[in-house]
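Undergrad: Below is the structure I would like to discuss, written out as structure tokens.
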Amino acid sequence: MPPRSTNLDAAVTAPVPGLTHRLHLRAAGVSVLLDVTDGRVPEIVHWGEDLGELRGEEIDQIALTAVPSMPQNAVDVPVRVGIIAQSADGWVGRPGISGSRADGSGFAPRLQVAAIRRADVTGPGTSASAGLAAAAAPVDQPALEAGPSRVEVDLVDPELALEVALEIELLPTGLLRLRAALTNRGEAPYQLQELTLAVPVPAQAAELLDFAGRWAKERTPQRTSFGVGTHLRENRRGRTGADSAYVLHAGAPGFGFREGEIWAVHTAFSGNHRHLAEKLSTGRQILGGGELLLPGEVRLAADETYTGPWLYANHARGLDAVAARFHRHLRSRAQHVGTDRPVTLNVWEAVYFDHDLTRLRDLADRAAALGVERYVLDDGWFGSRRDDSSGLGDWVESEDVWPPPAGLSPLIDHVTGLGMQFGLWFEPEMVNEDSEVARAHPEWIMAPSPDRMPLRSRQQQVLNLAIPEAYAHVHGQMQAILDRYDIGYIKWDHNRDLIEAATRATGAAGVHAQTEAFYRLLEELKRDNPGLEIESCSSGGARVDLEVLERTDRVWVSDCIDPLDRQQMNRWTSQLIPLELMGSHIASGRSHTTGRLHTLAFRAATAVFGHLGIEWDLASASEDELAQLRGWLALHKRVRELLFTGDLVRADRAAEDVLWVSGVVSPAQDRALFSVTAMTRSGQVQGGRLQLPGLDPARRYRVQVHLGDERPHGLIAPVWMRRALDGEAVVLPGSALLRAGIDAPVLDPEQAILLELTSPEASAS
């Protein structure tokens, strides 16, 4: 990413001898206690549940009780695990900084504090200046106790001529985020291999949860014990990856959606990156993350700076509460999307590369009649792109299918004339070797040398956007399309991993620079086209992280729209991002990726929990199916404000793999929408009672059942459900729904029902 200013008053030249500060940051039920003792790298001595208001001497005593004992055969001082862990403090685990100069020197920094500043945070990304200057003794108590705060710490190793600007923010949502920028103050270049930040977790966090996955099956959860050694998840795909760790959790054994204390981290970076959990034989354990740098990618000349990505750290009880902190952070941003997210039709699975104006207009007519609000033309509109073997990189209208002078105008004018927004597909970072741009500029293709080409993937290569001329080509052609047409939305795809990704002329690794250029291109297009929305699609859901979402407005969860698989993928994608940022579509009856057949009711009941769309040739749908679709779209529009402002809740059930209960509860707890899904068959006929989490036990709720126009296969409704379906009022106390539950229906596999809850008290008011 581009270098970020650290707002230093002046170049750091020397540590402050004996400097000691202790800061207590508090927000949203979270305390972070930072300890700087004798000018050493800041250490987090408590990150977890709120400790309440503390006096200065109490903070000192807590820090004292956190100092570990000195075991035999170890260093003769207590080992300190700083946010940037270093061997100079006795840490024998993974160091925070790995690097050296050409002669091998400088590999073991001994950073010390030169200055500390604090600013009060009033919202994510905003702060008001407050003074906390460097001092040789503890500051007065008013400066120690703080609310949501941003702390800047200047670290220096004068002997090695290295400086680090460390940023620590406790946001109003209770999220802790950290970032570091390393500057070389020496004359000789400094080659950085790794800059990884670390946060401590206590011994009771003995179980890990992160994610694996693959194309069309993203974010598959996996659990393991937190044992001695390093649980290292490295991603070398040049993008976030369908198999990324995503969010790495450490928690009390058996932690679930609603219970168990959890500490979690997310590395916010869209290129190569790492997450890690490490435990030493001493019992000390940390979570961490950072960018994964390829050899030679960061070689700092004198006074050059490398800024690492944000590491987000999240503490809460239960996975739902962890997700809620991430969601509230994203929703608090000034640029966050509205709740009236337009229902979308994407034409890919309807037409693929067959771009016929008459057929596409007919799809638009059918979509508008259903209540669709955005129409997206996918791959195949440009250059020689009649299939996936050519044309990629030539972002001009195909003269074969969109002849001049009209180009795309006949379709775009038709779509916007129907009251829908028009969206267009691009894959800006990729190129076919069979393209005009590749023939004119083969040197723009990423490759390890002029004579060696990486293996093709999806019959394509990577265009090196770090080359200014290549960047200008892509930016110029994209902007020309946006200038010419009324386009409000870009589906931005990225369909291959970056292997042997280097600048062809030099052979130097280029993933870091490519990621920076990608961010810059997004930023410039958003800046120059106010109101433009961009979707991050990457072979489906292979680029989903908090940094790409600073520049985009939704992600495509997966190329697989099979509702059974999407139940899992939507369930866990929402562990980091809220539903309004998740593209969730209703596809045709037979899934194009799995071949499975599902009812329209199951497909729709799954898709409504997200940014709803359709991926289906509507000309092949029956009148009955179109009528059902119209009803599902109307339901989604009625509840989307609830879905896009409420709290995600997921029930912990003993038979978790059979009957899933999840939903969204409004901030006022006066409305809720739940999904009850039979994922597979059980060895028992009855599913027990359904407890609905997140409700207000003091309220009463009317329970309504939505089946769509298709009765779920095998449904045997309990008495309360039969009455609700007959129109009788089924009203229950929130305490009963939370704790006692309601009898579950009998459902065949791959069937779902929706339960809508409203508080009569709220309706009356």
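Residues are referred to by chain and number: the chain letter is A, B, ... according to the order shown in the structure tokens, the number counts from 1 in that chain, and ligands are numbered separately from 1 in the order shown.
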Could you list, as a PyMOL selection string, every residue within 6 Å of region 271-278 of chain A, counting only C-alpha atoms and ignoring same-chain residues fewer than 2 positions away?

TA: chain A and resi 229-236+238-240+269+285-292+515

Undergrad: Atoms to include: N, CA, C and O atoms. Write the selected residues as a compact mmCIF listing (two decimals), in the first residue's frame.

TA:
```
# COMPACT_ATOMS: atom_id res chain seq x y z
N GLY A 229 4.61 -24.33 19.56
CA GLY A 229 5.05 -24.21 18.18
C GLY A 229 4.30 -23.09 17.49
O GLY A 229 3.64 -22.26 18.13
N THR A 230 4.39 -23.07 16.18
CA THR A 230 3.79 -22.00 15.39
C THR A 230 2.73 -22.55 14.46
O THR A 230 3.00 -23.44 13.64
N HIS A 231 1.53 -22.04 14.60
CA HIS A 231 0.45 -22.28 13.64
C HIS A 231 0.55 -21.15 12.64
O HIS A 231 0.14 -20.02 12.91
N LEU A 232 1.13 -21.44 11.47
CA LEU A 232 1.46 -20.40 10.50
C LEU A 232 0.63 -20.59 9.24
O LEU A 232 0.68 -21.64 8.60
N ARG A 233 -0.13 -19.55 8.89
CA ARG A 233 -0.93 -19.57 7.67
C ARG A 233 -0.38 -18.50 6.73
O ARG A 233 -0.60 -17.31 6.93
N GLU A 234 0.34 -18.94 5.73
CA GLU A 234 0.94 -18.03 4.76
C GLU A 234 0.18 -18.12 3.45
O GLU A 234 -0.14 -19.22 2.97
N ASN A 235 -0.08 -16.97 2.88
CA ASN A 235 -0.77 -16.91 1.60
C ASN A 235 0.17 -16.33 0.56
O ASN A 235 0.59 -15.18 0.68
N ARG A 236 0.50 -17.12 -0.45
CA ARG A 236 1.45 -16.70 -1.48
C ARG A 236 0.78 -16.63 -2.85
O ARG A 236 1.44 -16.81 -3.88
N GLY A 238 -0.76 -13.95 -4.13
CA GLY A 238 -0.82 -12.62 -4.70
C GLY A 238 -2.15 -11.95 -4.53
O GLY A 238 -2.37 -10.83 -5.02
N ARG A 239 -3.06 -12.58 -3.87
CA ARG A 239 -4.38 -12.05 -3.52
C ARG A 239 -4.78 -12.69 -2.20
O ARG A 239 -4.13 -13.64 -1.75
N THR A 240 -5.85 -12.23 -1.61
CA THR A 240 -6.21 -12.72 -0.28
C THR A 240 -6.34 -14.24 -0.24
O THR A 240 -5.87 -14.89 0.69
N PHE A 269 -4.88 -7.08 4.34
CA PHE A 269 -4.03 -6.88 3.17
C PHE A 269 -4.48 -7.80 2.06
O PHE A 269 -4.84 -8.96 2.31
N GLN A 285 2.08 -17.05 24.74
CA GLN A 285 1.50 -17.27 23.41
C GLN A 285 0.97 -15.97 22.84
O GLN A 285 0.50 -15.09 23.56
N ILE A 286 1.06 -15.89 21.50
CA ILE A 286 0.68 -14.66 20.81
C ILE A 286 -0.10 -15.01 19.54
O ILE A 286 -0.04 -16.12 19.02
N LEU A 287 -0.83 -14.01 19.06
CA LEU A 287 -1.38 -14.02 17.71
C LEU A 287 -0.72 -12.88 16.95
O LEU A 287 -0.37 -11.85 17.53
N GLY A 288 -0.58 -13.04 15.65
CA GLY A 288 0.07 -11.98 14.89
C GLY A 288 -0.23 -12.06 13.42
O GLY A 288 -0.91 -12.98 12.94
N GLY A 289 0.30 -11.08 12.69
CA GLY A 289 0.12 -11.08 11.26
C GLY A 289 0.85 -9.94 10.61
O GLY A 289 1.32 -9.00 11.27
N GLY A 290 0.96 -10.02 9.29
CA GLY A 290 1.61 -8.98 8.51
C GLY A 290 1.67 -9.38 7.06
O GLY A 290 1.17 -10.44 6.65
N GLU A 291 2.30 -8.53 6.26
CA GLU A 291 2.49 -8.84 4.85
C GLU A 291 3.57 -9.90 4.70
O GLU A 291 4.57 -9.90 5.43
N LEU A 292 3.40 -10.79 3.72
CA LEU A 292 4.43 -11.76 3.38
C LEU A 292 5.21 -11.18 2.21
O LEU A 292 4.68 -11.06 1.09
N THR A 515 0.14 -4.96 -5.64
CA THR A 515 -0.95 -4.71 -4.69
C THR A 515 -1.11 -3.23 -4.44
O THR A 515 -2.24 -2.71 -4.38
```

Undergrad: Give me the residues near Lys279 (chain A) as a ChimeraX atom specification, where near means some atom within 12 Å (using only C-alpha atoms) and where sequence neighbours in that chain fewer than 4 positions away do not count.

TA: /A:81,91-94,198,200-203,205-208,225-232,250,283-288

Undergrad: Identify, on the basis of only C-alpha atoms, every residue whose closest approach to region 443-449 of chain A does not exceed 9 Å; exclude the query and any residue fewer than 6 positions from it along the same chain; express the result as a PyMOL selection string.

TA: chain A and resi 430-431+433+437+461-465+467+469-470+498-510

Undergrad: Could you write those residues out with N, CA, C and O atoms, as an mmCIF file, in the first residue's frame?

TA:
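That gives us again31.cif:
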```cif
data_model
loop_
_atom_site.group_PDB
_atom_site.id
_atom_site.type_symbol
_atom_site.label_atom_id
_atom_site.label_comp_id
_atom_site.auth_asym_id
_atom_site.auth_seq_id
_atom_site.Cartn_x
_atom_site.Cartn_y
_atom_site.Cartn_z
ATOM 1 N N MET A 430 -5.444 -8.341 -15.350
ATOM 2 C CA MET A 430 -5.131 -9.544 -16.110
ATOM 3 C C MET A 430 -5.059 -9.265 -17.603
ATOM 4 O O MET A 430 -5.557 -8.263 -18.096
ATOM 5 N N VAL A 431 -4.445 -10.228 -18.329
ATOM 6 C CA VAL A 431 -4.245 -10.059 -19.761
ATOM 7 C C VAL A 431 -4.161 -11.434 -20.415
ATOM 8 O O VAL A 431 -3.593 -12.366 -19.840
ATOM 9 N N GLU A 433 -2.492 -13.459 -23.522
ATOM 10 C CA GLU A 433 -1.374 -13.279 -24.457
ATOM 11 C C GLU A 433 -1.887 -12.978 -25.866
ATOM 12 O O GLU A 433 -1.215 -12.295 -26.651
ATOM 13 N N VAL A 437 -2.984 -5.536 -26.444
ATOM 14 C CA VAL A 437 -2.040 -4.932 -25.507
ATOM 15 C C VAL A 437 -0.833 -5.845 -25.288
ATOM 16 O O VAL A 437 0.307 -5.372 -25.196
ATOM 17 N N GLN A 461 -2.495 -14.255 -18.159
ATOM 18 C CA GLN A 461 -1.323 -13.841 -17.408
ATOM 19 C C GLN A 461 -1.687 -12.582 -16.620
ATOM 20 O O GLN A 461 -2.838 -12.119 -16.647
ATOM 21 N N VAL A 462 -0.698 -12.032 -15.905
ATOM 22 C CA VAL A 462 -0.922 -10.861 -15.060
ATOM 23 C C VAL A 462 -0.251 -9.649 -15.702
ATOM 24 O O VAL A 462 0.908 -9.719 -16.122
ATOM 25 N N LEU A 463 -0.984 -8.558 -15.776
ATOM 26 C CA LEU A 463 -0.455 -7.301 -16.289
ATOM 27 C C LEU A 463 0.191 -6.540 -15.141
ATOM 28 O O LEU A 463 -0.429 -6.344 -14.088
ATOM 29 N N ASN A 464 1.417 -6.088 -15.337
ATOM 30 C CA ASN A 464 2.184 -5.452 -14.264
ATOM 31 C C ASN A 464 1.774 -3.995 -14.119
ATOM 32 O O ASN A 464 2.279 -3.106 -14.807
ATOM 33 N N LEU A 465 0.869 -3.732 -13.194
ATOM 34 C CA LEU A 465 0.375 -2.368 -12.989
ATOM 35 C C LEU A 465 1.391 -1.475 -12.297
ATOM 36 O O LEU A 465 1.190 -0.255 -12.214
ATOM 37 N N ILE A 467 4.234 -0.937 -13.533
ATOM 38 C CA ILE A 467 4.857 -0.218 -14.648
ATOM 39 C C ILE A 467 3.968 0.965 -14.991
ATOM 40 O O ILE A 467 2.795 0.772 -15.344
ATOM 41 N N GLU A 469 3.431 2.908 -17.457
ATOM 42 C CA GLU A 469 2.745 2.910 -18.748
ATOM 43 C C GLU A 469 1.613 1.881 -18.783
ATOM 44 O O GLU A 469 0.551 2.130 -19.374
ATOM 45 N N ALA A 470 1.827 0.724 -18.167
ATOM 46 C CA ALA A 470 0.769 -0.285 -18.108
ATOM 47 C C ALA A 470 -0.391 0.212 -17.258
ATOM 48 O O ALA A 470 -1.566 0.027 -17.608
ATOM 49 N N LEU A 498 -1.058 -15.216 -8.552
ATOM 50 C CA LEU A 498 0.183 -14.630 -9.053
ATOM 51 C C LEU A 498 1.335 -15.577 -8.728
ATOM 52 O O LEU A 498 1.733 -15.702 -7.567
ATOM 53 N N ILE A 499 1.831 -16.268 -9.746
ATOM 54 C CA ILE A 499 2.993 -17.138 -9.570
ATOM 55 C C ILE A 499 4.113 -16.607 -10.467
ATOM 56 O O ILE A 499 3.862 -16.110 -11.556
ATOM 57 N N GLU A 500 5.342 -16.684 -9.986
ATOM 58 C CA GLU A 500 6.488 -16.092 -10.680
ATOM 59 C C GLU A 500 6.161 -14.652 -11.089
ATOM 60 O O GLU A 500 6.475 -14.206 -12.191
ATOM 61 N N ALA A 501 5.516 -13.936 -10.178
ATOM 62 C CA ALA A 501 5.034 -12.585 -10.470
ATOM 63 C C ALA A 501 6.170 -11.586 -10.273
ATOM 64 O O ALA A 501 6.459 -11.156 -9.160
ATOM 65 N N ALA A 502 6.811 -11.238 -11.376
ATOM 66 C CA ALA A 502 7.986 -10.374 -11.329
ATOM 67 C C ALA A 502 7.921 -9.361 -12.462
ATOM 68 O O ALA A 502 7.165 -9.515 -13.424
ATOM 69 N N THR A 503 8.729 -8.320 -12.330
ATOM 70 C CA THR A 503 8.916 -7.387 -13.430
ATOM 71 C C THR A 503 9.769 -8.069 -14.488
ATOM 72 O O THR A 503 10.908 -8.480 -14.213
ATOM 73 N N ARG A 504 9.234 -8.199 -15.679
ATOM 74 C CA ARG A 504 9.855 -9.059 -16.693
ATOM 75 C C ARG A 504 11.271 -8.602 -17.058
ATOM 76 O O ARG A 504 12.161 -9.422 -17.298
ATOM 77 N N ALA A 505 11.500 -7.296 -17.072
ATOM 78 C CA ALA A 505 12.804 -6.788 -17.501
ATOM 79 C C ALA A 505 13.904 -7.087 -16.501
ATOM 80 O O ALA A 505 15.068 -7.254 -16.873
ATOM 81 N N THR A 506 13.559 -7.165 -15.215
ATOM 82 C CA THR A 506 14.576 -7.313 -14.172
ATOM 83 C C THR A 506 14.509 -8.634 -13.432
ATOM 84 O O THR A 506 15.482 -9.034 -12.782
ATOM 85 N N GLY A 507 13.353 -9.294 -13.461
ATOM 86 C CA GLY A 507 13.177 -10.515 -12.684
ATOM 87 C C GLY A 507 12.893 -10.276 -11.215
ATOM 88 O O GLY A 507 12.809 -11.219 -10.430
ATOM 89 N N ALA A 508 12.731 -9.027 -10.814
ATOM 90 C CA ALA A 508 12.478 -8.704 -9.408
ATOM 91 C C ALA A 508 11.028 -8.999 -9.045
ATOM 92 O O ALA A 508 10.101 -8.661 -9.801
ATOM 93 N N ALA A 509 10.826 -9.615 -7.872
ATOM 94 C CA ALA A 509 9.480 -9.943 -7.401
ATOM 95 C C ALA A 509 8.616 -8.688 -7.341
ATOM 96 O O ALA A 509 9.089 -7.614 -6.955
ATOM 97 N N GLY A 510 7.325 -8.842 -7.709
ATOM 98 C CA GLY A 510 6.502 -7.656 -7.847
ATOM 99 C C GLY A 510 5.123 -7.711 -7.237
ATOM 100 O O GLY A 510 4.278 -6.871 -7.561
#
```

Undergrad: What are the closest atom pairs, with distances in Å to one decimal, for each residue of region 316-417 of chain A lying within 8 Å of region 578-581 of chain A, using only C-alpha atoms, rows by chain and rising residue number, as a Markdown table?

TA:
```
| residue | atom | partner | partner_atom | distance |
| --- | --- | --- | --- | --- |
| A:His327 | CA | A:Pro578 | CA | 5.3 |
| A:Leu330 | CA | A:Pro578 | CA | 7.9 |
| A:Val337 | CA | A:Glu580 | CA | 7.7 |
| A:Thr339 | CA | A:Glu580 | CA | 7.4 |
| A:Arg341 | CA | A:Glu580 | CA | 7.2 |
```

Undergrad: So that I can check the surroundings of Val544 (chain A), please list as a list in words every protein, DNA and RNA residue that reaches within 10 Å of it, counting only C-alpha atoms and ignoring chain neighbours fewer than 3 positions away.

TA: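 Here the answer would be Arg239, Thr240, Gly241, Ala242, Ser244, Tyr246, Ala268, Phe269, Ser270, Ser536, Cys537, Ser538, Gly540, Gly541, Glu547, Val548, Leu549, Arg554, Val555, Trp556, Val557, Thr573, Leu576, Ile577 and Met582 of chain A.
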
Undergrad: May I ask which of the residues A:Ser332, A:Ser409, A:Thr677, A:Ser384 is the closest one to Leu357 (chain A), counting only C-alpha atoms?

TA: A:Ser409
